[in-house]
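Enquirer: Contents of run_14.cif (mmCIF, C-alpha atoms) are below:
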data_entry
loop_
_atom_site.label_atom_id
_atom_site.label_comp_id
_atom_site.auth_asym_id
_atom_site.auth_seq_id
_atom_site.Cartn_x
_atom_site.Cartn_y
_atom_site.Cartn_z
CA MET A 1 156.13 84.51 115.81
CA LYS A 2 152.60 83.30 115.18
CA THR A 3 151.86 79.62 115.21
CA GLU A 4 150.04 77.87 112.37
CA ARG A 5 146.91 77.64 114.53
CA GLU A 6 147.02 81.40 115.23
CA ILE A 7 147.43 82.19 111.54
CA GLU A 8 144.53 79.90 110.68
CA GLY A 9 142.39 81.51 113.40
CA ALA A 10 143.16 85.01 112.09
CA ALA A 11 142.22 83.96 108.56
CA ARG A 12 138.91 82.54 109.77
CA LYS A 13 138.20 85.74 111.68
CA ARG A 14 138.71 87.78 108.51
CA TRP A 15 136.34 85.54 106.56
CA GLY A 16 133.78 85.47 109.35
CA ALA A 17 130.58 83.70 108.33
CA LEU A 18 131.93 83.16 104.81
CA GLN A 19 134.23 80.43 106.11
CA TYR A 20 131.18 78.12 106.07
CA ARG A 21 130.48 76.56 102.67
CA ASP A 22 126.68 76.46 102.86
CA PHE A 23 126.54 80.08 103.97
CA ARG A 24 128.70 81.06 100.96
CA PHE A 25 126.20 79.44 98.60
CA PHE A 26 123.27 81.04 100.43
CA TRP A 27 125.07 84.41 100.44
CA ALA A 28 125.66 84.26 96.68
CA ALA A 29 122.08 83.19 95.99
CA ARG A 30 120.60 86.09 97.93
CA ALA A 31 122.90 88.61 96.27
CA ILE A 32 122.01 87.44 92.75
CA SER A 33 118.30 87.36 93.52
CA VAL A 34 118.30 90.88 94.99
CA ALA A 35 120.07 92.25 91.92
CA GLY A 36 117.24 90.92 89.76
CA ASP A 37 114.63 92.25 92.19
CA ARG A 38 116.03 95.77 91.93
CA ILE A 39 115.67 95.63 88.17
CA SER A 40 112.02 94.57 88.43
CA MET A 41 111.41 97.19 91.13
CA LEU A 42 111.97 99.82 88.44
CA ALA A 43 110.81 97.85 85.39
CA LEU A 44 107.40 96.65 86.64
CA PRO A 45 105.92 100.09 87.47
CA THR A 46 107.57 101.47 84.33
CA VAL A 47 105.62 98.91 82.29
CA ALA A 48 102.43 100.07 83.99
CA ILE A 49 103.15 103.81 83.67
CA LEU A 50 104.71 104.11 80.22
CA ILE A 51 103.27 101.11 78.34
CA LEU A 52 99.89 100.43 79.97
CA GLN A 53 99.25 104.14 80.85
CA ALA A 54 98.25 103.35 84.43
CA SER A 55 96.72 106.01 86.70
CA PRO A 56 98.14 106.84 90.18
CA ALA A 57 95.52 104.60 91.80
CA GLN A 58 96.40 101.73 89.44
CA VAL A 59 100.13 102.12 90.16
CA GLY A 60 99.32 102.03 93.88
CA LEU A 61 97.29 98.85 93.32
CA LEU A 62 100.19 97.27 91.42
CA ASN A 63 102.60 98.04 94.25
CA ALA A 64 100.08 96.66 96.74
CA ALA A 65 99.53 93.45 94.75
CA GLY A 66 102.97 92.14 95.61
CA THR A 67 102.43 92.65 99.33
CA PHE A 68 98.85 91.44 99.86
CA ALA A 69 100.23 87.96 100.48
CA TRP A 70 101.76 88.94 103.82
CA PRO A 71 98.50 89.62 105.68
CA ALA A 72 96.76 86.82 103.75
CA LEU A 73 99.34 84.04 104.07
CA GLY A 74 101.98 85.15 106.53
CA LEU A 75 100.86 83.42 109.72
CA PHE A 76 100.20 80.07 108.06
CA ALA A 77 103.33 80.32 105.91
CA GLY A 78 105.30 80.65 109.14
CA VAL A 79 103.86 77.36 110.41
CA TRP A 80 104.83 75.52 107.23
CA VAL A 81 108.31 77.04 107.39
CA ASP A 82 108.68 75.54 110.89
CA ARG A 83 107.27 72.17 109.75
CA LEU A 84 109.15 71.62 106.49
CA ARG A 85 112.74 71.65 105.30
CA ARG A 86 113.50 75.31 104.71
CA ARG A 87 116.02 74.62 101.97
CA GLN A 88 113.36 72.89 99.86
CA ILE A 89 110.92 75.76 100.38
CA MET A 90 113.50 78.27 99.14
CA VAL A 91 114.41 76.24 96.05
CA ALA A 92 110.77 75.66 95.07
CA THR A 93 109.72 79.29 95.50
CA ASP A 94 112.76 80.56 93.57
CA LEU A 95 111.91 78.36 90.58
CA LEU A 96 108.23 79.31 90.65
CA ARG A 97 109.08 83.02 90.77
CA ALA A 98 111.41 82.60 87.80
CA ALA A 99 108.62 81.05 85.74
CA LEU A 100 106.05 83.67 86.74
CA LEU A 101 108.29 86.63 85.88
CA ALA A 102 109.32 85.06 82.57
CA SER A 103 105.64 85.12 81.55
CA ILE A 104 105.59 88.95 81.43
CA PRO A 105 107.96 89.43 78.47
CA LEU A 106 106.34 86.41 76.81
CA LEU A 107 102.85 87.93 77.05
CA PHE A 108 104.19 91.30 75.89
CA ALA A 109 105.85 89.71 72.85
CA LEU A 110 102.56 87.98 71.99
CA GLY A 111 100.67 91.27 72.34
CA HIS A 112 98.51 90.08 75.26
CA LEU A 113 100.01 91.90 78.24
CA SER A 114 97.43 93.78 80.30
CA LEU A 115 97.33 95.48 83.67
CA LEU A 116 95.26 92.59 85.08
CA GLN A 117 97.88 90.07 84.03
CA LEU A 118 100.62 92.24 85.49
CA LEU A 119 98.70 92.39 88.78
CA LEU A 120 98.20 88.60 88.87
CA VAL A 121 101.87 87.83 88.26
CA THR A 122 102.95 90.40 90.84
CA ALA A 123 100.54 88.95 93.43
CA LEU A 124 101.68 85.36 92.84
CA VAL A 125 105.35 86.33 93.03
CA GLY A 126 104.53 88.11 96.28
CA GLY A 127 103.01 84.92 97.67
CA MET A 128 106.15 82.94 96.85
CA THR A 129 108.26 85.69 98.42
CA VAL A 130 106.42 85.30 101.74
CA PHE A 131 107.49 81.66 101.99
CA PHE A 132 111.03 82.35 100.80
CA ASP A 133 111.70 85.28 103.14
CA LEU A 134 110.41 83.46 106.21
CA ALA A 135 112.37 80.33 105.32
CA SER A 136 115.60 82.23 104.64
CA THR A 137 115.51 84.22 107.90
CA ALA A 138 114.73 81.07 109.91
CA HIS A 139 117.33 79.03 107.99
CA LEU A 140 120.32 81.33 108.48
CA PRO A 141 120.98 80.44 112.17
CA SER A 142 121.52 76.83 111.08
CA LEU A 143 124.27 77.86 108.65
CA VAL A 144 126.61 79.57 111.11
CA PRO A 145 127.21 79.41 114.89
CA ARG A 146 125.30 81.80 117.16
CA ASP A 147 128.25 84.18 117.61
CA GLY A 148 128.37 84.59 113.83
CA TRP A 149 124.73 85.60 113.27
CA ALA A 150 125.32 89.36 113.34
CA ASP A 151 128.29 88.98 110.97
CA ALA A 152 126.26 86.73 108.66
CA ASN A 153 123.36 89.19 108.53
CA ALA A 154 125.74 92.08 107.87
CA LYS A 155 127.54 90.16 105.10
CA LEU A 156 124.21 89.33 103.48
CA GLU A 157 123.28 93.01 103.48
CA VAL A 158 126.70 94.04 102.15
CA ALA A 159 126.54 91.53 99.30
CA GLN A 160 122.94 92.33 98.42
CA GLN A 161 123.50 96.07 98.43
CA ALA A 162 126.78 95.75 96.52
CA VAL A 163 125.19 93.96 93.58
CA ALA A 164 122.07 96.11 93.86
CA THR A 165 124.16 99.26 93.47
CA GLY A 166 124.46 98.78 89.74
CA ALA A 167 121.06 97.13 89.23
CA PRO A 168 118.87 100.27 88.97
CA GLY A 169 121.27 101.85 86.48
CA LEU A 170 121.29 98.61 84.50
CA ALA A 171 117.49 98.55 84.71
CA GLY A 172 117.26 102.05 83.24
CA LEU A 173 119.64 101.06 80.45
CA LEU A 174 117.75 97.83 79.71
CA ILE A 175 114.41 99.67 79.70
CA THR A 176 115.83 102.14 77.17
CA LEU A 177 117.45 99.49 74.96
CA VAL A 178 115.02 96.55 75.02
CA SER A 179 111.88 97.98 76.76
CA ALA A 180 110.69 97.46 80.32
CA PRO A 181 108.96 94.07 79.82
CA PHE A 182 112.10 92.43 78.43
CA ALA A 183 114.23 93.91 81.23
CA ILE A 184 112.26 91.68 83.62
CA ILE A 185 113.88 88.60 82.03
CA VAL A 186 116.98 89.40 84.09
CA ASP A 187 114.99 89.03 87.31
CA ALA A 188 113.61 85.68 86.15
CA ILE A 189 117.14 84.44 85.45
CA SER A 190 118.31 85.66 88.87
CA PHE A 191 115.67 83.54 90.64
CA LEU A 192 116.69 80.52 88.57
CA LEU A 193 120.35 80.95 89.55
CA SER A 194 119.39 81.50 93.20
CA GLY A 195 117.42 78.27 93.25
CA ILE A 196 120.33 76.34 91.75
CA LEU A 197 122.79 77.71 94.31
CA ILE A 198 120.54 76.94 97.28
CA ALA A 199 119.89 73.46 95.91
CA ALA A 200 123.67 72.93 95.94
CA THR A 201 123.85 73.38 99.71
CA ASP A 202 123.72 70.50 102.21
CA ALA A 203 120.76 68.30 101.25
CA HIS A 204 120.57 66.79 104.74
CA GLU A 205 119.41 69.89 106.59
CA PRO A 206 117.02 68.55 109.25
CA ALA A 207 113.51 69.85 109.74
CA LEU A 208 112.96 71.46 113.13
CA PRO A 209 110.75 69.36 115.40
CA VAL A 210 107.11 70.36 115.78
CA LYS A 211 104.05 68.54 117.06
CA PRO A 212 102.55 67.04 113.90
CA ARG A 213 98.99 66.63 115.19
CA ARG A 214 98.45 70.24 116.21
CA ARG A 215 96.13 72.29 114.06
CA LEU A 216 97.60 74.82 111.68
CA TRP A 217 95.79 77.69 113.38
CA ASN A 218 97.02 76.65 116.86
CA GLU A 219 100.62 76.74 115.74
CA ALA A 220 100.12 80.10 113.98
CA ALA A 221 98.51 81.51 117.14
CA GLU A 222 101.52 80.36 119.17
CA GLY A 223 103.75 82.63 117.10
CA VAL A 224 101.43 85.58 117.80
CA ARG A 225 101.39 84.85 121.56
CA VAL A 226 105.18 84.67 121.76
CA LEU A 227 105.49 87.94 119.85
CA LEU A 228 103.00 89.74 122.09
CA ARG A 229 104.83 88.62 125.26
CA ASP A 230 107.95 90.52 124.20
CA ARG A 231 107.29 94.25 124.39
CA ALA A 232 110.43 95.18 122.48
CA LEU A 233 109.40 92.98 119.54
CA VAL A 234 105.90 94.47 119.62
CA ARG A 235 107.24 98.03 119.51
CA ILE A 236 109.63 97.20 116.66
CA THR A 237 106.75 95.62 114.75
CA LEU A 238 104.54 98.70 115.22
CA ALA A 239 107.37 101.01 114.13
CA ALA A 240 107.93 98.87 111.04
CA ALA A 241 104.23 98.98 110.17
CA ILE A 242 104.02 102.77 110.44
CA SER A 243 107.24 103.20 108.48
CA ASN A 244 106.04 100.81 105.77
CA VAL A 245 102.78 102.72 105.33
CA GLY A 246 104.66 105.97 104.75
CA ILE A 247 107.42 104.53 102.58
CA LEU A 248 104.99 102.58 100.36
CA MET A 249 102.84 105.70 100.00
CA SER A 250 105.96 107.41 98.69
CA LEU A 251 107.07 104.54 96.45
CA ALA A 252 103.63 104.39 94.84
CA LEU A 253 104.09 107.99 93.67
CA GLN A 254 107.81 108.53 93.17
CA LEU A 255 108.07 107.26 89.60
CA LEU A 256 104.88 109.06 88.59
CA PHE A 257 106.35 112.30 89.97
CA LEU A 258 109.76 111.75 88.37
CA TYR A 259 108.48 110.61 84.95
CA ARG A 260 105.42 112.79 84.47
CA VAL A 261 106.15 115.92 86.53
CA MET A 262 109.95 116.18 86.49
CA ARG A 263 110.22 114.60 83.01
CA LEU A 264 113.27 112.53 83.94
CA PRO A 265 114.24 109.66 81.60
CA ALA A 266 114.40 106.10 82.89
CA VAL A 267 118.21 105.97 82.61
CA VAL A 268 118.64 109.00 84.89
CA VAL A 269 116.15 107.63 87.42
CA GLY A 270 117.95 104.28 87.37
CA VAL A 271 121.35 105.87 88.00
CA CYS A 272 119.94 107.84 90.94
CA PHE A 273 118.49 104.67 92.48
CA ALA A 274 121.86 102.97 91.92
CA VAL A 275 123.58 105.66 93.97
CA GLY A 276 121.00 105.10 96.70
CA SER A 277 121.87 101.41 96.67
CA LEU A 278 125.54 102.31 97.10
CA ALA A 279 124.59 104.18 100.27
CA SER A 280 122.77 101.04 101.44
CA LEU A 281 126.04 99.15 100.98
CA VAL A 282 127.85 101.68 103.16
CA GLY A 283 125.10 101.32 105.76
CA ALA A 284 125.63 97.57 105.83
CA LEU A 285 129.40 97.99 106.22
CA TYR A 286 129.08 100.40 109.13
CA ASN A 287 126.06 98.87 110.86
CA ARG A 288 127.97 97.02 113.55
CA ARG A 289 129.99 100.13 114.41
CA ILE A 290 126.80 102.18 114.71
CA MET A 291 125.16 99.53 116.92
CA ASN A 292 128.24 99.26 119.12
CA ARG A 293 128.44 103.03 119.54
CA LEU A 294 124.76 103.87 119.97
CA GLY A 295 123.27 100.61 121.24
CA ILE A 296 120.42 98.71 119.63
CA HIS A 297 117.62 101.01 120.83
CA ARG A 298 119.11 104.31 119.69
CA THR A 299 120.15 102.75 116.39
CA LEU A 300 116.57 101.64 115.71
CA VAL A 301 115.02 105.01 116.64
CA LEU A 302 117.50 107.01 114.57
CA SER A 303 117.40 104.78 111.52
CA THR A 304 113.61 104.55 111.14
CA PHE A 305 113.13 108.31 111.61
CA ILE A 306 115.82 109.44 109.16
CA GLU A 307 114.96 106.79 106.57
CA GLY A 308 111.37 108.00 106.40
CA ILE A 309 111.81 111.76 106.64
CA ALA A 310 114.52 111.76 103.95
CA TYR A 311 111.88 111.23 101.26
CA ILE A 312 110.64 114.79 101.83
CA LEU A 313 113.57 115.93 99.67
CA ILE A 314 112.01 114.48 96.49
CA PRO A 315 108.99 116.83 96.21
CA ALA A 316 111.35 119.73 97.03
CA GLY A 317 112.41 119.26 93.40
CA MET A 318 109.44 121.48 92.56
CA VAL A 319 111.49 124.55 93.58
CA LEU A 320 115.12 123.31 93.61
CA PRO A 321 117.17 121.11 91.24
CA VAL A 322 115.49 117.73 91.42
CA ILE A 323 118.39 115.39 90.65
CA PRO A 324 120.61 116.44 93.64
CA LEU A 325 117.55 116.26 95.91
CA LEU A 326 116.56 112.84 94.57
CA LEU A 327 120.11 111.60 95.11
CA GLY A 328 120.14 113.01 98.63
CA ALA A 329 116.84 111.34 99.51
CA LEU A 330 117.90 107.96 98.14
CA VAL A 331 121.37 108.07 99.71
CA ILE A 332 120.10 108.98 103.18
CA SER A 333 117.15 106.59 103.15
CA GLY A 334 119.25 103.78 101.67
CA PHE A 335 121.92 104.07 104.36
CA PHE A 336 119.48 104.05 107.25
CA ASN A 337 117.19 101.41 105.72
CA THR A 338 120.05 98.93 105.76
CA THR A 339 121.03 99.97 109.28
CA TRP A 340 117.46 99.25 110.42
CA ASN A 341 117.23 95.92 108.59
CA VAL A 342 120.45 94.43 109.96
CA SER A 343 119.71 95.66 113.49
CA VAL A 344 116.18 94.27 113.56
CA ILE A 345 117.07 90.87 112.09
CA THR A 346 119.96 90.37 114.52
CA PHE A 347 117.85 91.52 117.48
CA ARG A 348 115.03 89.12 116.59
CA GLN A 349 117.40 86.19 116.17
CA THR A 350 118.73 86.76 119.70
CA ARG A 351 115.21 86.95 121.20
CA ILE A 352 113.33 84.15 119.44
CA PRO A 353 114.00 80.40 119.93
CA PRO A 354 115.07 78.65 116.68
CA GLN A 355 112.08 76.27 116.74
CA LEU A 356 109.71 79.29 116.79
CA MET A 357 111.60 81.53 114.37
CA GLY A 358 109.29 80.90 111.42
CA ARG A 359 106.05 81.45 113.34
CA VAL A 360 107.14 84.46 115.40
CA GLY A 361 108.85 86.02 112.39
CA ALA A 362 105.66 85.50 110.41
CA ALA A 363 103.53 87.14 113.12
CA ALA A 364 105.80 90.19 113.13
CA ARG A 365 105.86 90.42 109.35
CA VAL A 366 102.11 89.98 108.97
CA ILE A 367 101.73 93.18 110.97
CA GLY A 368 104.73 95.02 109.54
CA TYR A 369 104.36 93.86 105.97
CA GLY A 370 100.57 93.89 106.18
CA ALA A 371 100.99 97.67 106.19
CA LEU A 372 102.64 97.56 102.75
CA PRO A 373 99.47 97.20 100.64
CA VAL A 374 97.76 99.76 102.87
CA GLY A 375 100.54 102.24 102.14
CA SER A 376 100.56 101.53 98.42
CA LEU A 377 96.78 101.87 98.05
CA LEU A 378 96.66 104.93 100.30
CA GLY A 379 99.48 106.59 98.38
CA GLY A 380 97.85 105.92 95.02
CA LEU A 381 94.43 107.14 96.12
CA LEU A 382 95.88 110.20 97.86
CA GLY A 383 97.96 111.08 94.82
CA GLN A 384 95.01 110.71 92.48
CA SER A 385 92.68 112.69 94.76
CA LEU A 386 95.11 115.57 95.28
CA SER A 387 96.05 115.59 91.58
CA ALA A 388 92.37 115.93 90.64
CA ARG A 389 91.94 118.88 93.01
CA LEU A 390 95.28 120.69 92.72
CA GLY A 391 96.67 119.46 89.44
CA GLU A 392 99.10 116.57 88.91
CA ARG A 393 102.23 118.60 89.67
CA THR A 394 101.11 120.05 93.02
CA GLY A 395 98.99 117.06 94.01
CA LEU A 396 101.76 114.49 93.64
CA ALA A 397 104.27 116.73 95.44
CA LEU A 398 101.95 117.29 98.40
CA ALA A 399 101.16 113.58 98.63
CA LEU A 400 104.90 112.80 98.75
CA VAL A 401 105.38 115.28 101.62
CA ILE A 402 102.57 113.62 103.60
CA ALA A 403 104.09 110.18 102.95
CA ALA A 404 107.50 111.25 104.29
CA LEU A 405 105.95 112.67 107.46
CA VAL A 406 104.05 109.42 108.07
CA ALA A 407 107.21 107.34 107.59
CA GLY A 408 109.28 109.52 109.91
CA SER A 409 106.66 109.33 112.65
CA SER A 410 107.43 105.61 113.05
CA ALA A 411 110.17 106.54 115.53
CA LEU A 412 107.49 107.54 118.05
CA ALA A 413 106.66 103.86 118.60
CA LEU A 414 110.20 103.26 119.87
CA LEU A 415 110.66 106.20 122.24
CA GLY A 416 111.79 105.02 125.67
CA GLY A 417 114.52 102.37 125.91
CA ARG A 418 112.96 99.83 128.25
CA ASN A 419 112.75 96.17 127.14
CA PHE A 420 115.57 96.52 124.58
CA SER A 421 118.25 94.37 126.18
CA GLU A 422 120.18 92.60 123.42
CA GLU A 423 120.21 89.41 125.44
CA GLY A 424 117.48 86.89 124.77
CA SER A 425 114.29 87.27 126.76
CA PRO A 426 114.21 84.78 129.64
CA ASP A 427 110.53 84.20 128.99
CA LEU A 428 111.16 83.07 125.44
CA ILE A 429 114.49 81.32 125.16
CA ARG A 430 114.67 78.13 127.16
#
Let's see the structure in the file written out as structure tokens.
Expert:
Amino acid sequence: MKTEREIEGAARKRWGALQYRDFRFFWAARAISVAGDRISMLALPTVAILILQASPAQVGLLNAAGTFAWPALGLFAGVWVDRLRRRQIMVATDLLRAALLASIPLLFALGHLSLLQLLLVTALVGGMTVFFDLASTAHLPSLVPRDGWADANAKLEVAQQAVATGAPGLAGLLITLVSAPFAIIVDAISFLLSGILIAATDAHEPALPVKPRRRLWNEAAEGVRVLLRDRALVRITLAAAISNVGILMSLALQLLFLYRVMRLPAVVVGVCFAVGSLASLVGALYNRRIMNRLGIHRTLVLSTFIEGIAYILIPAGMVLPVIPLLLGALVISGFFNTTWNVSVITFRQTRIPPQLMGRVGAAARVIGYGALPVGSLLGGLLGQSLSARLGERTGLALALVIAALVAGSSALALLGGRNFSEEGSPDLIR
């Protein structure tokens, strides 16, 4: 017969990282925020395409606007994340993003919404997201013990993908019922709720020690040096950059292809993206099993290749039924995107010292996420160029094929399994 201590231990094991109060609040905040993000992910380009009549190049610029902040601010944002209380950074950026997004339906209601204003709001929200993402990744190890990091990351992905499953379908419905600009109100509310939940966590979280008199650039450069000393982290960063170029090329053109070429309504597109989010949830649930069976290196190679190449199914809708192909692309890419994300985050947390997490994470993301605006702009320009030469139907389809091939080629950066021990690097962790 089990003792009371054994029963209590079994219950804690079932709960995993959720047994810790502050992690539960953080977990809920991230899930709510991601649900709102998924709505805006569909609503923002829909505003540009259907209301502001944006061209492929302009849609690519809009997608790029939200990611320009990574190469511009990433390194220095990482320093501030290591200097300041990460909880306060997350609360402040959540509230600012809520206010910025709320301005879009307000401007639309007043009849003053323009593509320039949409670009400015998107860029400013992207800047806040840089600070929030770096702070949240660096903050998580302080919420749970080291042996719970993988479980915490997996539970975050599960929760985020679970609520995001219904978000695209809800976005399509909201766009149909109240128009795309007013659908964005939901995202603004989600950031407000996220900020409130994070503010409710322990207010006494200590700032990590840094040398206060060092110059900002010196501390940023330290993150770059630590990253470059770890070959596995460098290869992961390069793979992420190549993948992001291809995927953002595709994302810049997908809605144009689906709305203007395939003539799909927003509700149908939203439901398809919701099914893709469900596959992401399954990926989060099975990530640890995949990692345990294949090992970290094989998991990373497989996930980045399949995630990227899956998008080649979408332009195949030119000759075969588009909805099953769209669903297939989103399901496959969603599953392996989550597998990649959880694996990379956990791997980085085991390799990078806590006091350097913000700076090294920023260095990796400046390179990986710095590729996002490149991909968006390249996709928009390629789509517009090919559409002008071959017609919109053929041009957009060909551009989507090229984007999928670029994304899938990211696996080449990871071939060869040296340097991928899951234990922390002796040169970094002291």
Enquirer: Would you kindly return, as a compact mmCIF listing (two decimals) with C-alpha atoms, in the coordinates of the input, each protein, DNA or RNA residue with an atom no farther than 9 Å from any atom of range 147-160 of chain A, considering all atoms listed in the file and excluding same-chain residues fewer than 4 positions away?
Expert:
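The result, stored in result_5.txt:
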# COMPACT_ATOMS: atom_id res chain seq x y z
CA GLY A 16 133.78 85.47 109.35
CA ALA A 17 130.58 83.70 108.33
CA LEU A 18 131.93 83.16 104.81
CA PHE A 23 126.54 80.08 103.97
CA PHE A 26 123.27 81.04 100.43
CA TRP A 27 125.07 84.41 100.44
CA ALA A 28 125.66 84.26 96.68
CA ARG A 30 120.60 86.09 97.93
CA ALA A 31 122.90 88.61 96.27
CA ILE A 32 122.01 87.44 92.75
CA SER A 33 118.30 87.36 93.52
CA VAL A 34 118.30 90.88 94.99
CA ALA A 35 120.07 92.25 91.92
CA LEU A 140 120.32 81.33 108.48
CA PRO A 141 120.98 80.44 112.17
CA ALA A 164 122.07 96.11 93.86
CA THR A 165 124.16 99.26 93.47
CA SER A 280 122.77 101.04 101.44
CA LEU A 281 126.04 99.15 100.98
CA VAL A 282 127.85 101.68 103.16
CA GLY A 283 125.10 101.32 105.76
CA ALA A 284 125.63 97.57 105.83
CA LEU A 285 129.40 97.99 106.22
CA ASN A 287 126.06 98.87 110.86
CA ARG A 288 127.97 97.02 113.55
CA THR A 338 120.05 98.93 105.76
CA ASN A 341 117.23 95.92 108.59
CA VAL A 342 120.45 94.43 109.96
CA SER A 343 119.71 95.66 113.49
CA ILE A 345 117.07 90.87 112.09
CA THR A 346 119.96 90.37 114.52
CA PHE A 347 117.85 91.52 117.48
CA GLN A 349 117.40 86.19 116.17
CA THR A 350 118.73 86.76 119.70
Enquirer: Have a look at CA of Val360 in chain A and CA of Val245 in chain A and let me know their distance in Å, one decimal.
Expert: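 Computing it gives 21.3 Å between the two atoms.
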Enquirer: Excluding range 176-188 of chain A and any residue of its chain fewer than 3 positions from it, enumerate the residues within 10 Å of it, using all atoms listed in the file, and give them as an mmCIF file with C-alpha atoms, in the frame of the given file.
Expert:
data_model
loop_
_atom_site.group_PDB
_atom_site.id
_atom_site.type_symbol
_atom_site.label_atom_id
_atom_site.label_comp_id
_atom_site.auth_asym_id
_atom_site.auth_seq_id
_atom_site.Cartn_x
_atom_site.Cartn_y
_atom_site.Cartn_z
ATOM 1 C CA ILE A 32 122.010 87.440 92.750
ATOM 2 C CA SER A 33 118.300 87.360 93.520
ATOM 3 C CA VAL A 34 118.300 90.880 94.990
ATOM 4 C CA ALA A 35 120.070 92.250 91.920
ATOM 5 C CA GLY A 36 117.240 90.920 89.760
ATOM 6 C CA ASP A 37 114.630 92.250 92.190
ATOM 7 C CA ARG A 38 116.030 95.770 91.930
ATOM 8 C CA ILE A 39 115.670 95.630 88.170
ATOM 9 C CA SER A 40 112.020 94.570 88.430
ATOM 10 C CA MET A 41 111.410 97.190 91.130
ATOM 11 C CA LEU A 42 111.970 99.820 88.440
ATOM 12 C CA ALA A 43 110.810 97.850 85.390
ATOM 13 C CA LEU A 44 107.400 96.650 86.640
ATOM 14 C CA PRO A 45 105.920 100.090 87.470
ATOM 15 C CA THR A 46 107.570 101.470 84.330
ATOM 16 C CA VAL A 47 105.620 98.910 82.290
ATOM 17 C CA ALA A 48 102.430 100.070 83.990
ATOM 18 C CA LEU A 50 104.710 104.110 80.220
ATOM 19 C CA ILE A 51 103.270 101.110 78.340
ATOM 20 C CA ASP A 94 112.760 80.560 93.570
ATOM 21 C CA LEU A 95 111.910 78.360 90.580
ATOM 22 C CA LEU A 96 108.230 79.310 90.650
ATOM 23 C CA ARG A 97 109.080 83.020 90.770
ATOM 24 C CA ALA A 98 111.410 82.600 87.800
ATOM 25 C CA ALA A 99 108.620 81.050 85.740
ATOM 26 C CA LEU A 100 106.050 83.670 86.740
ATOM 27 C CA LEU A 101 108.290 86.630 85.880
ATOM 28 C CA ALA A 102 109.320 85.060 82.570
ATOM 29 C CA SER A 103 105.640 85.120 81.550
ATOM 30 C CA ILE A 104 105.590 88.950 81.430
ATOM 31 C CA PRO A 105 107.960 89.430 78.470
ATOM 32 C CA LEU A 106 106.340 86.410 76.810
ATOM 33 C CA LEU A 107 102.850 87.930 77.050
ATOM 34 C CA PHE A 108 104.190 91.300 75.890
ATOM 35 C CA ALA A 109 105.850 89.710 72.850
ATOM 36 C CA LEU A 113 100.010 91.900 78.240
ATOM 37 C CA LEU A 170 121.290 98.610 84.500
ATOM 38 C CA ALA A 171 117.490 98.550 84.710
ATOM 39 C CA GLY A 172 117.260 102.050 83.240
ATOM 40 C CA LEU A 173 119.640 101.060 80.450
ATOM 41 C CA PHE A 191 115.670 83.540 90.640
ATOM 42 C CA LEU A 192 116.690 80.520 88.570
ATOM 43 C CA LEU A 193 120.350 80.950 89.550
ATOM 44 C CA PRO A 265 114.240 109.660 81.600
ATOM 45 C CA ALA A 266 114.400 106.100 82.890
ATOM 46 C CA VAL A 267 118.210 105.970 82.610
#
Enquirer: Excluding same-chain residues fewer than 6 positions from Leu73 in chain A, what lies within 12 Å of it counting all atoms listed in the file, as a list in words?
Expert: Thr67, Val79, Trp80, Val81, Ala123, Leu124, Gly126, Gly127, Met128, Thr129, Val130, Phe131, Leu134, Trp217, Ala220, Arg359, Ala362, Ala363, Arg365, Val366, Ile367, Tyr369 and Gly370 of chain A
Enquirer: When distances are computed from only C-alpha atoms, which of A:Pro71, A:Gly379, A:Gly416, A:Gly78 shows the smallest separation from Glu222 in chain A?
Expert: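 Ranking A:Pro71, A:Gly379, A:Gly416, A:Gly78 by distance to Glu222 in chain A, first place goes to A:Gly78.
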Enquirer: Determine, counting all atoms listed in the file, which protein, DNA and RNA residues have an atom within 7 Å of an atom of Phe305 in chain A; residues of the same chain fewer than 2 positions away are not included. Present the result as a ChimeraX atom specification.
Expert: /A:301-303,307-309,408-411
Enquirer: Please identify all polymer residues within 8 Å of Asp22 in chain A, counting all atoms listed in the file, omitting same-chain residues fewer than 2 positions from it, and present them as a list in words.
Expert: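 That gives Tyr20, Arg24, Phe25, Phe26, Leu143, Thr201 and Asp202 of chain A.
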Enquirer: Using the chain letters and numbering of this document, enumerate as a PyMOL selection string the residues selected by the PyMOL selection byres ((chain A and resi 258) around 12).
Expert: chain A and resi 46+49+250-257+259-270+272-273+314-318+322-323+325-326+392-393+396-397+400
Enquirer: Choose the residue, out of A:Gln58, A:Thr237, A:Ser136, A:Gln117, that has the smallest atom-to-atom separation from Gln88 in chain A; count only C-alpha atoms.
Expert: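 Of the candidates, the smallest distance to Gln88 in chain A is held by A:Ser136.
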Enquirer: CA of Thr339 in chain A to CA of Ala310 in chain A: how many Å, to one decimal?
Expert: 14.5 Å
Enquirer: Which of these, A:Ile296, A:Gly391, A:Ala72, A:Leu118, has the shortest distance to Ala371 in chain A once you count all atoms listed in the file?
Expert: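 Residue with the minimum atom-to-atom distance to Ala371 in chain A: A:Ala72.
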Enquirer: How many Å separate CA of Ile89 in chain A from CA of Phe132 in chain A?
Expert: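 These atoms are spaced 6.6 Å apart.
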Enquirer: Using all atoms listed in the file, pick whichever of A:Met249, A:Ala241, A:Leu320, A:Ala413 has the shortest atom-to-atom distance to Gln384 in chain A.
Expert: A:Met249
Enquirer: Pick out the closest residue to Leu75 in chain A from this set: A:Thr394, A:Asn218, A:Ser277, A:Asn337. Count only C-alpha atoms.
Expert: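 Closest to Leu75 in chain A, using only C-alpha atoms: A:Asn218.
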Enquirer: Once the PyMOL selection byres ((chain A and resi 381) around 12) is applied to the coordinates I shared, what remains selected? I want it as a ChimeraX atom specification.
Expert: /A:55-61,64,249-250,252-253,374-380,382-388,395-396,399
